[in-house]
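**Q** Below: one structure in structure tokens.
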Amino acid sequence: MNFPKNLKYTKTHEWVRFEDETTAYVGITDYAQDQLGDLVFVNLPAEGDTLACGEAFADVESVKAVSDVNAPVTGTVAEVNEALADAPEMMNEAPYEAWFVRVEDITDTDDLMDAEEYEEFVKTEG
């Protein structure tokens with residue numbers, strides 16, 4: 001498993017890469033994509049949508065199941081990674097490059113963990 005140190009993580013297996021205090025990219029972790037299996041579809045929000053910390057904002061469909069993707073921050077969707085709609089396998093191949101949304105005007109963050117805390121948390125999941 002890969003846990004990049006420049007990211008923050010949630011207990012529901014999303015990652016956050018902050019550009020600055022109020023802007024960040026959001027995706028799912030290597031652990032999440034591994035548990036889900038081959039991803040075949042992603043349902044993304046629209047630009048301008050509001051995300052609420054801890055609430056589902058997208059879902060992914062794998063060969064195993066459909067799973068919600070929860071917002072690790074509260075803010076506004078500034079950009080959507082449309083490439084994922086055409087190539088959902090990018091989430092399996094490069095989970096830390098295959099971001100879902102870029103969020104601006106962040107006002108709230110979930111209980112985000114650093115890489116070491118997340119790695120320890122993942123050990124308890126298995």
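We label chains A, B, ... in the order they appear in the structure tokens, count residues from 1 in each chain, and number ligands from 1 in the order shown.
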Find the residues around A:Asp86 up to 10 Å (only C-alpha atoms counted), leave out those fewer than 6 positions away in its own chain, and share them as a ChimeraX atom specification.
**A** /A:40-42
**Q** Write out as a compact mmCIF listing (two decimals) with C-alpha atoms, in the first residue's frame each polymer residue whose atoms come within 8 Å of A:Asp110, counting only C-alpha atoms; drop sequence neighbours fewer than 5 positions from it.
**A**
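Full text of out-v5.txt as output:
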# COMPACT_ATOMS: atom_id res chain seq x y z
CA THR A 10 -10.13 10.11 6.17
CA CYS A 53 -18.02 17.37 5.21
CA GLY A 54 -18.78 13.69 5.88
CA PRO A 72 -13.58 15.12 3.58
CA VAL A 73 -14.15 18.88 3.45
**Q** Going by DSSP on the backbone, which bits of chain A are helix (DSSP H, G or I)? Write them as a list in words, please.
**A**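 Listing helix (DSSP H, G or I) positions across chain A yields Asp30, Tyr31, Ala32, Gln33, Asp34, Gln35, Leu36, Ala83, Leu84, Ala85, Asp86, Met90, Met91, Asn92, Glu93, Ala115, Glu116, Glu117, Tyr118, Glu119, Glu120, Phe121, Val122, Lys123, Thr124 and Glu125 of chain A.
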**Q** Write to file, as a PDB file, in the first residue's frame, the residues of the selection just made, with N, CA and C atoms.
**A**
ATOM      1  N   ASP A  30      -5.353   4.355  -2.184  1.00  0.00           N
ATOM      2  CA  ASP A  30      -4.881   3.089  -2.720  1.00  0.00           C
ATOM      3  C   ASP A  30      -5.594   1.932  -2.010  1.00  0.00           C
ATOM      4  N   TYR A  31      -5.751   2.052  -0.703  1.00  0.00           N
ATOM      5  CA  TYR A  31      -6.449   1.015   0.066  1.00  0.00           C
ATOM      6  C   TYR A  31      -7.888   0.866  -0.436  1.00  0.00           C
ATOM      7  N   ALA A  32      -8.580   1.992  -0.642  1.00  0.00           N
ATOM      8  CA  ALA A  32      -9.972   1.951  -1.090  1.00  0.00           C
ATOM      9  C   ALA A  32     -10.095   1.258  -2.442  1.00  0.00           C
ATOM     10  N   GLN A  33      -9.266   1.669  -3.404  1.00  0.00           N
ATOM     11  CA  GLN A  33      -9.381   1.052  -4.726  1.00  0.00           C
ATOM     12  C   GLN A  33      -9.034  -0.425  -4.675  1.00  0.00           C
ATOM     13  N   ASP A  34      -8.092  -0.805  -3.802  1.00  0.00           N
ATOM     14  CA  ASP A  34      -7.705  -2.207  -3.655  1.00  0.00           C
ATOM     15  C   ASP A  34      -8.875  -3.028  -3.096  1.00  0.00           C
ATOM     16  N   GLN A  35      -9.562  -2.481  -2.094  1.00  0.00           N
ATOM     17  CA  GLN A  35     -10.697  -3.170  -1.491  1.00  0.00           C
ATOM     18  C   GLN A  35     -11.885  -3.278  -2.454  1.00  0.00           C
ATOM     19  N   LEU A  36     -12.073  -2.245  -3.276  1.00  0.00           N
ATOM     20  CA  LEU A  36     -13.206  -2.224  -4.202  1.00  0.00           C
ATOM     21  C   LEU A  36     -13.016  -3.156  -5.391  1.00  0.00           C
ATOM     22  N   ALA A  83     -12.167  13.156 -16.961  1.00  0.00           N
ATOM     23  CA  ALA A  83     -11.454  12.017 -17.539  1.00  0.00           C
ATOM     24  C   ALA A  83     -11.819  10.709 -16.843  1.00  0.00           C
ATOM     25  N   LEU A  84     -12.193  10.781 -15.568  1.00  0.00           N
ATOM     26  CA  LEU A  84     -12.569   9.564 -14.845  1.00  0.00           C
ATOM     27  C   LEU A  84     -13.834   8.930 -15.409  1.00  0.00           C
ATOM     28  N   ALA A  85     -14.732   9.733 -15.928  1.00  0.00           N
ATOM     29  CA  ALA A  85     -15.974   9.194 -16.494  1.00  0.00           C
ATOM     30  C   ALA A  85     -15.680   8.277 -17.674  1.00  0.00           C
ATOM     31  N   ASP A  86     -14.692   8.640 -18.472  1.00  0.00           N
ATOM     32  CA  ASP A  86     -14.326   7.837 -19.644  1.00  0.00           C
ATOM     33  C   ASP A  86     -13.333   6.732 -19.309  1.00  0.00           C
ATOM     34  N   MET A  90      -8.522   4.491 -14.159  1.00  0.00           N
ATOM     35  CA  MET A  90      -7.445   5.368 -13.657  1.00  0.00           C
ATOM     36  C   MET A  90      -7.394   5.343 -12.135  1.00  0.00           C
ATOM     37  N   MET A  91      -8.552   5.147 -11.481  1.00  0.00           N
ATOM     38  CA  MET A  91      -8.583   5.102 -10.025  1.00  0.00           C
ATOM     39  C   MET A  91      -7.833   3.891  -9.495  1.00  0.00           C
ATOM     40  N   ASN A  92      -7.836   2.788 -10.245  1.00  0.00           N
ATOM     41  CA  ASN A  92      -7.076   1.607  -9.849  1.00  0.00           C
ATOM     42  C   ASN A  92      -5.598   1.758 -10.172  1.00  0.00           C
ATOM     43  N   GLU A  93      -5.325   2.325 -11.335  1.00  0.00           N
ATOM     44  CA  GLU A  93      -3.945   2.399 -11.827  1.00  0.00           C
ATOM     45  C   GLU A  93      -3.107   3.445 -11.098  1.00  0.00           C
ATOM     46  N   ALA A 115      -0.270  10.721   6.935  1.00  0.00           N
ATOM     47  CA  ALA A 115       0.023   9.414   6.333  1.00  0.00           C
ATOM     48  C   ALA A 115       0.276   8.331   7.378  1.00  0.00           C
ATOM     49  N   GLU A 116       1.024   8.669   8.435  1.00  0.00           N
ATOM     50  CA  GLU A 116       1.341   7.676   9.469  1.00  0.00           C
ATOM     51  C   GLU A 116       0.081   7.250  10.212  1.00  0.00           C
ATOM     52  N   GLU A 117      -0.774   8.215  10.558  1.00  0.00           N
ATOM     53  CA  GLU A 117      -2.018   7.884  11.261  1.00  0.00           C
ATOM     54  C   GLU A 117      -2.918   7.028  10.378  1.00  0.00           C
ATOM     55  N   TYR A 118      -2.992   7.363   9.095  1.00  0.00           N
ATOM     56  CA  TYR A 118      -3.838   6.606   8.184  1.00  0.00           C
ATOM     57  C   TYR A 118      -3.314   5.181   8.013  1.00  0.00           C
ATOM     58  N   GLU A 119      -2.017   5.045   7.884  1.00  0.00           N
ATOM     59  CA  GLU A 119      -1.423   3.712   7.736  1.00  0.00           C
ATOM     60  C   GLU A 119      -1.763   2.842   8.953  1.00  0.00           C
ATOM     61  N   GLU A 120      -1.682   3.419  10.145  1.00  0.00           N
ATOM     62  CA  GLU A 120      -2.038   2.680  11.364  1.00  0.00           C
ATOM     63  C   GLU A 120      -3.526   2.327  11.362  1.00  0.00           C
ATOM     64  N   PHE A 121      -4.375   3.268  10.920  1.00  0.00           N
ATOM     65  CA  PHE A 121      -5.811   3.023  10.852  1.00  0.00           C
ATOM     66  C   PHE A 121      -6.118   1.876   9.894  1.00  0.00           C
ATOM     67  N   VAL A 122      -5.482   1.853   8.729  1.00  0.00           N
ATOM     68  CA  VAL A 122      -5.710   0.806   7.734  1.00  0.00           C
ATOM     69  C   VAL A 122      -5.372  -0.566   8.317  1.00  0.00           C
ATOM     70  N   LYS A 123      -4.349  -0.648   9.154  1.00  0.00           N
ATOM     71  CA  LYS A 123      -3.972  -1.917   9.778  1.00  0.00           C
ATOM     72  C   LYS A 123      -5.109  -2.463  10.629  1.00  0.00           C
ATOM     73  N   THR A 124      -5.914  -1.581  11.228  1.00  0.00           N
ATOM     74  CA  THR A 124      -7.034  -2.031  12.067  1.00  0.00           C
ATOM     75  C   THR A 124      -8.234  -2.445  11.215  1.00  0.00           C
ATOM     76  N   GLU A 125      -8.275  -2.040   9.958  1.00  0.00           N
ATOM     77  CA  GLU A 125      -9.385  -2.363   9.063  1.00  0.00           C
ATOM     78  C   GLU A 125      -9.322  -3.809   8.575  1.00  0.00           C
TER      79      GLU A 125
END
**Q** Nearest residue to A:Ala52 out of A:Ile28, A:Val16, A:Val77, A:Met113, using only C-alpha atoms?
**A**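 Looking at the shortest contact to A:Ala52, the residue is A:Val77.
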**Q** Looking only at strand (DSSP E or B) from DSSP on the backbone, list the matching residues of chain A as a PDB file with N, CA and C atoms, in the first residue's frame.
**A**
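In the end it all went to states_28.pdb:
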ATOM      1  N   LYS A   8      -3.585  14.243   3.142  1.00  0.00           N
ATOM      2  CA  LYS A   8      -4.342  13.972   4.365  1.00  0.00           C
ATOM      3  C   LYS A   8      -5.370  12.906   4.010  1.00  0.00           C
ATOM      4  N   TYR A   9      -5.834  12.164   5.021  1.00  0.00           N
ATOM      5  CA  TYR A   9      -6.685  11.006   4.785  1.00  0.00           C
ATOM      6  C   TYR A   9      -7.883  10.996   5.734  1.00  0.00           C
ATOM      7  N   GLU A  14     -10.806   8.445   1.800  1.00  0.00           N
ATOM      8  CA  GLU A  14     -10.574   9.490   0.803  1.00  0.00           C
ATOM      9  C   GLU A  14      -9.257  10.175   1.130  1.00  0.00           C
ATOM     10  N   TRP A  15      -8.625  10.744   0.106  1.00  0.00           N
ATOM     11  CA  TRP A  15      -7.424  11.552   0.333  1.00  0.00           C
ATOM     12  C   TRP A  15      -7.707  12.997  -0.060  1.00  0.00           C
ATOM     13  N   VAL A  16      -6.935  13.901   0.555  1.00  0.00           N
ATOM     14  CA  VAL A  16      -7.049  15.330   0.291  1.00  0.00           C
ATOM     15  C   VAL A  16      -5.651  15.881   0.057  1.00  0.00           C
ATOM     16  N   ARG A  17      -5.482  16.610  -1.043  1.00  0.00           N
ATOM     17  CA  ARG A  17      -4.213  17.297  -1.313  1.00  0.00           C
ATOM     18  C   ARG A  17      -4.510  18.793  -1.356  1.00  0.00           C
ATOM     19  N   PHE A  18      -4.084  19.488  -0.322  1.00  0.00           N
ATOM     20  CA  PHE A  18      -4.340  20.923  -0.234  1.00  0.00           C
ATOM     21  C   PHE A  18      -3.389  21.692  -1.140  1.00  0.00           C
ATOM     22  N   GLU A  19      -3.962  22.626  -1.923  1.00  0.00           N
ATOM     23  CA  GLU A  19      -3.160  23.571  -2.699  1.00  0.00           C
ATOM     24  C   GLU A  19      -2.806  24.763  -1.823  1.00  0.00           C
ATOM     25  N   ASP A  20      -3.781  25.176  -1.009  1.00  0.00           N
ATOM     26  CA  ASP A  20      -3.602  26.254  -0.045  1.00  0.00           C
ATOM     27  C   ASP A  20      -4.643  26.028   1.054  1.00  0.00           C
ATOM     28  N   THR A  23      -8.297  25.498  -0.733  1.00  0.00           N
ATOM     29  CA  THR A  23      -8.447  24.786  -2.006  1.00  0.00           C
ATOM     30  C   THR A  23      -7.749  23.431  -1.920  1.00  0.00           C
ATOM     31  N   ALA A  24      -8.434  22.376  -2.387  1.00  0.00           N
ATOM     32  CA  ALA A  24      -7.835  21.044  -2.319  1.00  0.00           C
ATOM     33  C   ALA A  24      -8.424  20.133  -3.388  1.00  0.00           C
ATOM     34  N   TYR A  25      -7.644  19.113  -3.736  1.00  0.00           N
ATOM     35  CA  TYR A  25      -8.094  18.026  -4.599  1.00  0.00           C
ATOM     36  C   TYR A  25      -8.510  16.859  -3.705  1.00  0.00           C
ATOM     37  N   VAL A  26      -9.509  16.079  -4.160  1.00  0.00           N
ATOM     38  CA  VAL A  26     -10.026  14.961  -3.383  1.00  0.00           C
ATOM     39  C   VAL A  26     -10.086  13.722  -4.270  1.00  0.00           C
ATOM     40  N   GLY A  27      -9.704  12.576  -3.703  1.00  0.00           N
ATOM     41  CA  GLY A  27      -9.785  11.305  -4.414  1.00  0.00           C
ATOM     42  C   GLY A  27      -9.943  10.164  -3.431  1.00  0.00           C
ATOM     43  N   ILE A  28      -9.845   8.927  -3.929  1.00  0.00           N
ATOM     44  CA  ILE A  28      -9.895   7.764  -3.038  1.00  0.00           C
ATOM     45  C   ILE A  28      -8.501   7.158  -2.921  1.00  0.00           C
ATOM     46  N   LEU A  39     -12.551  -0.854 -10.852  1.00  0.00           N
ATOM     47  CA  LEU A  39     -13.584   0.173 -10.936  1.00  0.00           C
ATOM     48  C   LEU A  39     -14.033   0.339 -12.375  1.00  0.00           C
ATOM     49  N   VAL A  40     -15.359   0.350 -12.566  1.00  0.00           N
ATOM     50  CA  VAL A  40     -15.913   0.380 -13.919  1.00  0.00           C
ATOM     51  C   VAL A  40     -16.765   1.611 -14.194  1.00  0.00           C
ATOM     52  N   PHE A  41     -17.129   2.357 -13.145  1.00  0.00           N
ATOM     53  CA  PHE A  41     -17.982   3.534 -13.336  1.00  0.00           C
ATOM     54  C   PHE A  41     -17.801   4.487 -12.167  1.00  0.00           C
ATOM     55  N   VAL A  42     -17.881   5.788 -12.456  1.00  0.00           N
ATOM     56  CA  VAL A  42     -17.862   6.801 -11.406  1.00  0.00           C
ATOM     57  C   VAL A  42     -18.958   7.818 -11.691  1.00  0.00           C
ATOM     58  N   ASN A  43     -19.673   8.193 -10.653  1.00  0.00           N
ATOM     59  CA  ASN A  43     -20.726   9.199 -10.740  1.00  0.00           C
ATOM     60  C   ASN A  43     -20.213  10.424  -9.993  1.00  0.00           C
ATOM     61  N   THR A  50     -22.183  22.072  -3.885  1.00  0.00           N
ATOM     62  CA  THR A  50     -21.622  22.256  -2.552  1.00  0.00           C
ATOM     63  C   THR A  50     -21.375  20.894  -1.927  1.00  0.00           C
ATOM     64  N   LEU A  51     -20.190  20.715  -1.360  1.00  0.00           N
ATOM     65  CA  LEU A  51     -19.880  19.489  -0.627  1.00  0.00           C
ATOM     66  C   LEU A  51     -20.035  19.769   0.856  1.00  0.00           C
ATOM     67  N   ALA A  56     -21.851  11.980   1.375  1.00  0.00           N
ATOM     68  CA  ALA A  56     -21.502  11.429   0.061  1.00  0.00           C
ATOM     69  C   ALA A  56     -21.639  12.506  -1.012  1.00  0.00           C
ATOM     70  N   PHE A  57     -20.645  12.566  -1.904  1.00  0.00           N
ATOM     71  CA  PHE A  57     -20.712  13.517  -3.017  1.00  0.00           C
ATOM     72  C   PHE A  57     -20.536  12.828  -4.366  1.00  0.00           C
ATOM     73  N   ALA A  58     -20.152  11.568  -4.352  1.00  0.00           N
ATOM     74  CA  ALA A  58     -19.942  10.795  -5.576  1.00  0.00           C
ATOM     75  C   ALA A  58     -20.110   9.325  -5.217  1.00  0.00           C
ATOM     76  N   ASP A  59     -20.157   8.486  -6.244  1.00  0.00           N
ATOM     77  CA  ASP A  59     -20.099   7.050  -5.981  1.00  0.00           C
ATOM     78  C   ASP A  59     -19.299   6.384  -7.083  1.00  0.00           C
ATOM     79  N   VAL A  60     -18.739   5.250  -6.706  1.00  0.00           N
ATOM     80  CA  VAL A  60     -17.949   4.459  -7.639  1.00  0.00           C
ATOM     81  C   VAL A  60     -18.546   3.055  -7.702  1.00  0.00           C
ATOM     82  N   GLU A  61     -18.508   2.497  -8.908  1.00  0.00           N
ATOM     83  CA  GLU A  61     -19.005   1.148  -9.094  1.00  0.00           C
ATOM     84  C   GLU A  61     -17.846   0.271  -9.508  1.00  0.00           C
ATOM     85  N   SER A  62     -17.718  -0.838  -8.793  1.00  0.00           N
ATOM     86  CA  SER A  62     -16.669  -1.798  -9.132  1.00  0.00           C
ATOM     87  C   SER A  62     -17.334  -3.095  -9.539  1.00  0.00           C
ATOM     88  N   VAL A  66     -21.240  -1.048  -5.399  1.00  0.00           N
ATOM     89  CA  VAL A  66     -21.278   0.404  -5.558  1.00  0.00           C
ATOM     90  C   VAL A  66     -20.987   1.000  -4.190  1.00  0.00           C
ATOM     91  N   SER A  67     -20.091   1.971  -4.139  1.00  0.00           N
ATOM     92  CA  SER A  67     -19.703   2.583  -2.872  1.00  0.00           C
ATOM     93  C   SER A  67     -19.754   4.094  -2.973  1.00  0.00           C
ATOM     94  N   ASP A  68     -20.194   4.716  -1.882  1.00  0.00           N
ATOM     95  CA  ASP A  68     -20.195   6.172  -1.801  1.00  0.00           C
ATOM     96  C   ASP A  68     -18.790   6.698  -1.592  1.00  0.00           C
ATOM     97  N   VAL A  69     -18.564   7.895  -2.088  1.00  0.00           N
ATOM     98  CA  VAL A  69     -17.336   8.635  -1.806  1.00  0.00           C
ATOM     99  C   VAL A  69     -17.770   9.836  -0.973  1.00  0.00           C
ATOM    100  N   ASN A  70     -17.215   9.955   0.229  1.00  0.00           N
ATOM    101  CA  ASN A  70     -17.628  11.010   1.152  1.00  0.00           C
ATOM    102  C   ASN A  70     -16.719  12.221   1.064  1.00  0.00           C
ATOM    103  N   VAL A  73     -14.136  17.445   3.186  1.00  0.00           N
ATOM    104  CA  VAL A  73     -14.150  18.884   3.446  1.00  0.00           C
ATOM    105  C   VAL A  73     -15.513  19.450   3.067  1.00  0.00           C
ATOM    106  N   THR A  74     -15.817  20.632   3.590  1.00  0.00           N
ATOM    107  CA  THR A  74     -16.989  21.391   3.149  1.00  0.00           C
ATOM    108  C   THR A  74     -16.484  22.494   2.234  1.00  0.00           C
ATOM    109  N   GLY A  75     -17.123  22.636   1.081  1.00  0.00           N
ATOM    110  CA  GLY A  75     -16.700  23.649   0.129  1.00  0.00           C
ATOM    111  C   GLY A  75     -17.487  23.536  -1.163  1.00  0.00           C
ATOM    112  N   THR A  76     -17.015  24.222  -2.183  1.00  0.00           N
ATOM    113  CA  THR A  76     -17.681  24.262  -3.484  1.00  0.00           C
ATOM    114  C   THR A  76     -16.821  23.561  -4.529  1.00  0.00           C
ATOM    115  N   VAL A  77     -17.458  22.725  -5.353  1.00  0.00           N
ATOM    116  CA  VAL A  77     -16.746  22.031  -6.426  1.00  0.00           C
ATOM    117  C   VAL A  77     -16.350  23.063  -7.485  1.00  0.00           C
ATOM    118  N   ALA A  78     -15.050  23.255  -7.651  1.00  0.00           N
ATOM    119  CA  ALA A  78     -14.536  24.212  -8.635  1.00  0.00           C
ATOM    120  C   ALA A  78     -14.204  23.537  -9.955  1.00  0.00           C
ATOM    121  N   GLU A  79     -13.872  22.254  -9.877  1.00  0.00           N
ATOM    122  CA  GLU A  79     -13.473  21.516 -11.075  1.00  0.00           C
ATOM    123  C   GLU A  79     -13.767  20.045 -10.856  1.00  0.00           C
ATOM    124  N   VAL A  80     -14.182  19.362 -11.922  1.00  0.00           N
ATOM    125  CA  VAL A  80     -14.466  17.932 -11.882  1.00  0.00           C
ATOM    126  C   VAL A  80     -13.522  17.248 -12.863  1.00  0.00           C
ATOM    127  N   VAL A 101     -12.477  15.700  -7.626  1.00  0.00           N
ATOM    128  CA  VAL A 101     -12.878  17.100  -7.683  1.00  0.00           C
ATOM    129  C   VAL A 101     -11.795  17.994  -7.079  1.00  0.00           C
ATOM    130  N   ARG A 102     -11.809  19.259  -7.530  1.00  0.00           N
ATOM    131  CA  ARG A 102     -11.029  20.306  -6.872  1.00  0.00           C
ATOM    132  C   ARG A 102     -12.065  21.162  -6.152  1.00  0.00           C
ATOM    133  N   VAL A 103     -11.849  21.351  -4.859  1.00  0.00           N
ATOM    134  CA  VAL A 103     -12.805  22.044  -4.007  1.00  0.00           C
ATOM    135  C   VAL A 103     -12.210  23.384  -3.577  1.00  0.00           C
ATOM    136  N   GLU A 104     -13.025  24.446  -3.669  1.00  0.00           N
ATOM    137  CA  GLU A 104     -12.606  25.781  -3.240  1.00  0.00           C
ATOM    138  C   GLU A 104     -13.482  26.235  -2.073  1.00  0.00           C
ATOM    139  N   ASP A 105     -13.063  27.325  -1.451  1.00  0.00           N
ATOM    140  CA  ASP A 105     -13.811  27.932  -0.343  1.00  0.00           C
ATOM    141  C   ASP A 105     -14.059  26.925   0.780  1.00  0.00           C
ATOM    142  N   ILE A 106     -13.039  26.151   1.117  1.00  0.00           N
ATOM    143  CA  ILE A 106     -13.162  25.137   2.162  1.00  0.00           C
ATOM    144  C   ILE A 106     -13.335  25.825   3.521  1.00  0.00           C
ATOM    145  N   THR A 107     -14.398  25.422   4.214  1.00  0.00           N
ATOM    146  CA  THR A 107     -14.676  26.006   5.524  1.00  0.00           C
ATOM    147  C   THR A 107     -14.591  24.987   6.643  1.00  0.00           C
ATOM    148  N   ASP A 108     -14.627  23.709   6.318  1.00  0.00           N
ATOM    149  CA  ASP A 108     -14.636  22.672   7.338  1.00  0.00           C
ATOM    150  C   ASP A 108     -13.885  21.467   6.794  1.00  0.00           C
ATOM    151  N   THR A 109     -13.163  20.802   7.669  1.00  0.00           N
ATOM    152  CA  THR A 109     -12.493  19.564   7.283  1.00  0.00           C
ATOM    153  C   THR A 109     -12.892  18.483   8.267  1.00  0.00           C
ATOM    154  N   MET A 113      -6.343  12.687   8.838  1.00  0.00           N
ATOM    155  CA  MET A 113      -5.157  12.031   9.397  1.00  0.00           C
ATOM    156  C   MET A 113      -3.979  12.272   8.477  1.00  0.00           C
TER     157      MET A 113
END
**Q** Expressed in Å to a single decimal, how great is the separation between atom CA of A:Asn6 and atom CA of A:Leu44?
**A** 24.2 Å
**Q** Let me make sure I understand: among A:Glu82, A:Glu47, A:Glu55, A:Asp111, which one has the smallest atom-to-atom distance to A:Ala98 if we use only C-alpha atoms?
**A**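 Of A:Glu82, A:Glu47, A:Glu55, A:Asp111, the one nearest A:Ala98 is A:Glu82, counting only C-alpha atoms.
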**Q** Between atom CA of A:Thr29 and atom CA of A:His13, what distance in Å does the model show, to one decimal?
**A** 5.6 Å
**Q** So how many Å separate atom CA of A:Asp114 and atom CA of A:Tyr96, to one decimal?
**A**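 We find that atom CA of A:Asp114 and atom CA of A:Tyr96 lie 14.6 Å from each other.
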